[in-house]
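Undergrad: The following file, run-v8.cif, comprises mmCIF, C-alpha atoms and all ligand atoms:
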```cif
data_input
#
loop_
_atom_site.label_atom_id
_atom_site.label_comp_id
_atom_site.auth_asym_id
_atom_site.auth_seq_id
_atom_site.Cartn_x
_atom_site.Cartn_y
_atom_site.Cartn_z
CA MET A 1 60.73 6.06 -3.89
CA PRO A 2 59.57 5.47 -0.30
CA GLU A 3 57.49 2.35 0.05
CA PRO A 4 53.74 2.93 0.13
CA CYS A 5 52.95 3.73 3.72
CA GLY A 6 49.18 3.60 4.05
CA ARG A 7 49.34 5.81 7.11
CA THR A 8 45.89 7.08 8.00
CA PHE A 9 46.96 9.69 10.51
CA ASP A 10 48.86 12.94 10.52
CA GLU A 11 52.61 12.98 11.07
CA ALA A 12 51.97 15.07 14.18
CA LEU A 13 50.75 11.86 15.83
CA LEU A 14 54.21 10.33 15.38
CA SER A 15 55.67 13.27 17.25
CA GLY A 16 53.00 12.91 19.92
CA TYR A 17 53.81 9.20 20.11
CA VAL A 18 57.48 9.94 20.83
CA ASP A 19 56.45 12.42 23.52
CA ARG A 20 53.97 9.89 24.96
CA ALA A 21 51.36 12.61 24.72
CA LEU A 22 48.67 10.68 22.83
CA VAL A 23 45.37 9.39 24.10
CA GLN A 24 45.34 5.60 24.30
CA ARG A 25 43.32 5.16 21.09
CA ASP A 26 45.75 7.21 18.97
CA GLU A 27 48.77 5.66 20.63
CA GLN A 28 47.53 2.20 19.71
CA ARG A 29 46.82 3.29 16.14
CA VAL A 30 50.37 4.58 15.76
CA ARG A 31 51.91 1.50 17.39
CA VAL A 32 50.01 -0.89 15.13
CA HIS A 33 51.11 1.08 12.07
CA LEU A 34 54.73 1.21 13.22
CA GLU A 35 54.80 -2.58 13.50
CA HIS A 36 54.72 -2.94 9.72
CA CYS A 37 55.98 0.41 8.43
CA ALA A 38 59.73 0.86 8.36
CA THR A 39 59.39 4.39 6.97
CA CYS A 40 57.46 5.68 9.96
CA ARG A 41 59.68 3.71 12.35
CA ALA A 42 62.61 5.63 10.91
CA VAL A 43 60.74 8.90 11.43
CA VAL A 44 60.07 7.94 15.05
CA GLU A 45 63.73 7.00 15.57
CA ASP A 46 64.77 10.40 14.22
CA LEU A 47 62.32 12.22 16.49
CA ARG A 48 63.58 10.21 19.48
CA ALA A 49 67.20 11.09 18.67
CA VAL A 50 66.28 14.78 18.57
CA ARG A 51 64.38 14.54 21.86
CA GLU A 52 67.30 12.76 23.53
CA ALA A 53 69.80 15.34 22.29
CA THR A 54 67.56 18.10 23.64
CA MET A 55 67.15 16.37 26.99
CA THR A 56 70.87 15.74 27.32
CA SER A 57 71.79 19.36 26.67
CA THR A 58 69.15 20.49 29.17
CA PHE A 59 70.63 18.12 31.71
CA GLU A 60 74.10 19.54 31.27
CA THR A 61 72.97 23.12 31.89
CA PRO A 62 74.29 24.16 35.31
CA ARG A 63 71.55 24.12 37.89
CA ASP A 64 70.44 27.35 39.56
CA ASP A 65 71.43 26.12 42.99
CA GLU A 66 75.07 25.83 41.98
CA TRP A 67 76.27 29.12 43.39
CA SER A 68 79.64 29.61 41.81
CA GLU A 69 80.54 29.46 38.15
CA THR A 70 82.52 26.41 37.25
CA PRO A 71 86.18 27.22 37.92
CA ARG A 72 88.21 27.25 34.72
CA THR A 73 91.67 26.80 36.17
CA GLU A 74 93.26 25.10 39.12
CA SER A 75 94.14 28.45 40.78
CA SER A 76 90.63 29.88 40.36
CA ARG A 77 89.31 26.66 41.87
CA LEU A 78 91.70 27.18 44.79
CA LEU A 79 90.67 30.83 45.25
CA ILE A 80 86.98 29.95 45.18
CA GLY A 81 87.68 27.06 47.53
CA LEU A 82 89.30 29.50 49.98
CA GLY A 83 86.83 32.30 49.31
CA TRP A 84 83.73 30.41 50.29
CA PRO A 85 84.83 29.37 53.79
CA LEU A 86 86.24 32.87 54.43
CA ALA A 87 83.08 34.63 53.27
CA THR A 88 80.94 32.21 55.26
CA ALA A 89 83.08 32.60 58.38
CA TRP A 90 82.84 36.38 58.03
CA ALA A 91 79.04 36.22 57.80
CA VAL A 92 78.86 33.91 60.81
CA LEU A 93 81.10 36.19 62.90
CA LEU A 94 79.17 39.31 61.87
CA ILE A 95 75.81 37.82 62.78
CA GLY A 96 77.23 36.24 65.92
CA TYR A 97 78.66 39.60 66.97
CA ALA A 98 75.35 41.37 66.33
CA LEU A 99 73.44 38.71 68.27
CA TRP A 100 75.94 38.91 71.13
CA GLY A 101 75.44 42.68 71.28
CA ILE A 102 71.67 42.28 71.56
CA TRP A 103 72.17 39.51 74.12
CA GLN A 104 74.23 41.82 76.34
CA GLU A 105 71.60 44.55 76.19
CA THR A 106 68.64 42.47 77.20
CA ASP A 107 67.93 40.61 80.41
CA ASN A 108 64.49 39.59 79.28
CA LEU A 109 64.23 35.78 79.28
CA VAL A 110 61.82 35.65 76.33
CA GLU A 111 64.08 37.84 74.21
CA ARG A 112 67.08 35.70 75.11
CA LEU A 113 65.18 32.55 74.15
CA LEU A 114 64.22 34.18 70.84
CA LEU A 115 67.87 35.04 70.21
CA LEU A 116 68.97 31.53 71.10
CA GLY A 117 66.34 30.03 68.78
CA GLY A 118 67.42 32.31 65.92
CA ALA A 119 71.09 31.55 66.48
CA THR A 120 70.40 27.80 66.54
CA GLY A 121 68.37 28.00 63.34
CA PHE A 122 71.09 29.99 61.64
CA GLY A 123 73.73 27.54 62.85
CA LEU A 124 71.79 24.59 61.43
CA LEU A 125 71.39 26.38 58.11
CA PHE A 126 75.09 27.18 58.09
CA PHE A 127 76.10 23.57 58.65
CA GLY A 128 73.60 22.38 56.06
CA VAL A 129 75.13 24.73 53.49
CA LEU A 130 78.61 23.70 54.57
CA LEU A 131 77.80 20.01 54.04
CA ASP A 132 76.37 20.83 50.62
CA ARG A 133 79.53 22.71 49.68
CA LEU A 134 81.76 19.88 50.82
CA LYS A 135 79.71 17.39 48.84
CA ALA A 136 79.77 19.65 45.77
CA ALA A 137 83.55 19.98 46.07
CA LYS A 138 83.88 16.21 46.15
CA THR A 139 81.64 15.90 43.09
CA ASP A 140 83.73 18.51 41.27
CA ARG A 141 86.89 16.58 41.93
CA TYR A 142 85.20 13.40 40.76
CA ARG A 143 84.15 15.12 37.51
CA GLU A 144 87.66 16.40 37.01
CA VAL A 145 89.13 12.91 37.28
CA HIS A 146 86.79 11.59 34.61
CA LYS A 147 87.37 14.33 32.07
ZN ZN B 1 54.03 4.63 7.75
#
```
Spit out the file's structure as structure tokens when you get a sec.
TA:
Amino acid sequence: MPEPCGRTFDEALLSGYVDRALVQRDEQRVRVHLEHCATCRAVVEDLRAVREATMTSTFETPRDDEWSETPRTESSRLLIGLGWPLATAWAVLLIGYALWGIWQETDNLVERLLLLGGATGFGLLFFGVLLDRLKAAKTDRYREVHK
């Protein structure tokens, strides 16, 4: 038999207490009860364990901004490692070539300034992405070591 609890509130409040979603008055009511009710403390511990398990699995879900799937093997990691710089270099050359073509066709100063501004912006973006990739690669290696 569970010991007599004397709880005067619904079990939903315990769940709300774990989620810190209660108004101050309810929160206090639950806290005071928990101080001398081992049964409800156990319930709260259980709820917390479930919440933590849920949060942990959410945390381990790959984030949307991780472009590539996690490489499964050393060779796929190598191919992806080579593929990204090649694909990026190709995109840079293509856009650079297109911009150069427009540059040759115009002698309008404003248009040239616009081109230069666009090229600079693209270059900055490119290097930002490159830094991110390098950092991600380092993190991957770090994860690998600790597996
Ligand atoms: Zn209780």
Undergrad: Out of A:Leu22, A:Thr39, A:Phe9, A:Val30, which residue has the shortest atom-to-atom distance to ligand ZN 1 (chain B) when counting only C-alpha atoms and all ligand atoms?
TA: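 Closest residue, counting only C-alpha atoms and all ligand atoms: A:Thr39.
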Undergrad: Nearest to ligand ZN 1 (chain B): which of A:Ala42, A:Val129, A:Ile102, A:Leu47 is it, counting all atoms listed in the file?
TA: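 Closest to ligand ZN 1 (chain B) of all the choices is A:Ala42.
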Undergrad: Please identify all polymer residues within 10 Å of range 113-126 of chain A, counting only C-alpha atoms, omitting same-chain residues fewer than 2 positions from it, and present them as number ranges by chain.
TA: A: 88-89, 91-92, 95-96, 99-100, 102-103, 108-111, 128-132
Undergrad: Check which residues fall inside 8 Å of ligand ZN 1 (chain B) when counting all atoms listed in the file, and print them as a count of residues only.
TA: 12
Undergrad: Rounded to one decimal place, report the CA of Val44 in chain A-CA of Thr8 in chain A distance in Å.
TA: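 Going from CA of Val44 in chain A over to CA of Thr8 in chain A covers 15.9 Å.
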Undergrad: CA of Leu14 in chain A and CA of Val43 in chain A, how far apart in Å?
TA: 7.8 Å
Undergrad: Nearest residue to Arg20 in chain A out of A:Lys135, A:Arg48, A:Glu105, A:Arg112, using all atoms listed in the file?
TA: A:Arg48
Undergrad: Please, what distance in Å, to one decimal, runs between CA of Ala136 in chain A and CA of Glu52 in chain A?
TA: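 Spanning CA of Ala136 in chain A to CA of Glu52 in chain A is a straight-line distance of 26.4 Å.
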Undergrad: Tell me which of A:Ser15, A:Gln24, A:Thr106, A:Thr73 sits closest to Glu45 in chain A, counting only C-alpha atoms.
TA: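 Under the stated criterion, the closest residue is A:Ser15.
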Undergrad: Can you report as JSON the centre and edge lengths in Å, to one decimal, of an axis-aligned box around the listed atoms of range 12-27 of chain A padded with 4 Å on each side?
TA:
```
{"center_x": 50.4, "center_y": 10.1, "center_z": 19.6, "size_x": 22.2, "size_y": 17.9, "size_z": 18.8}
```
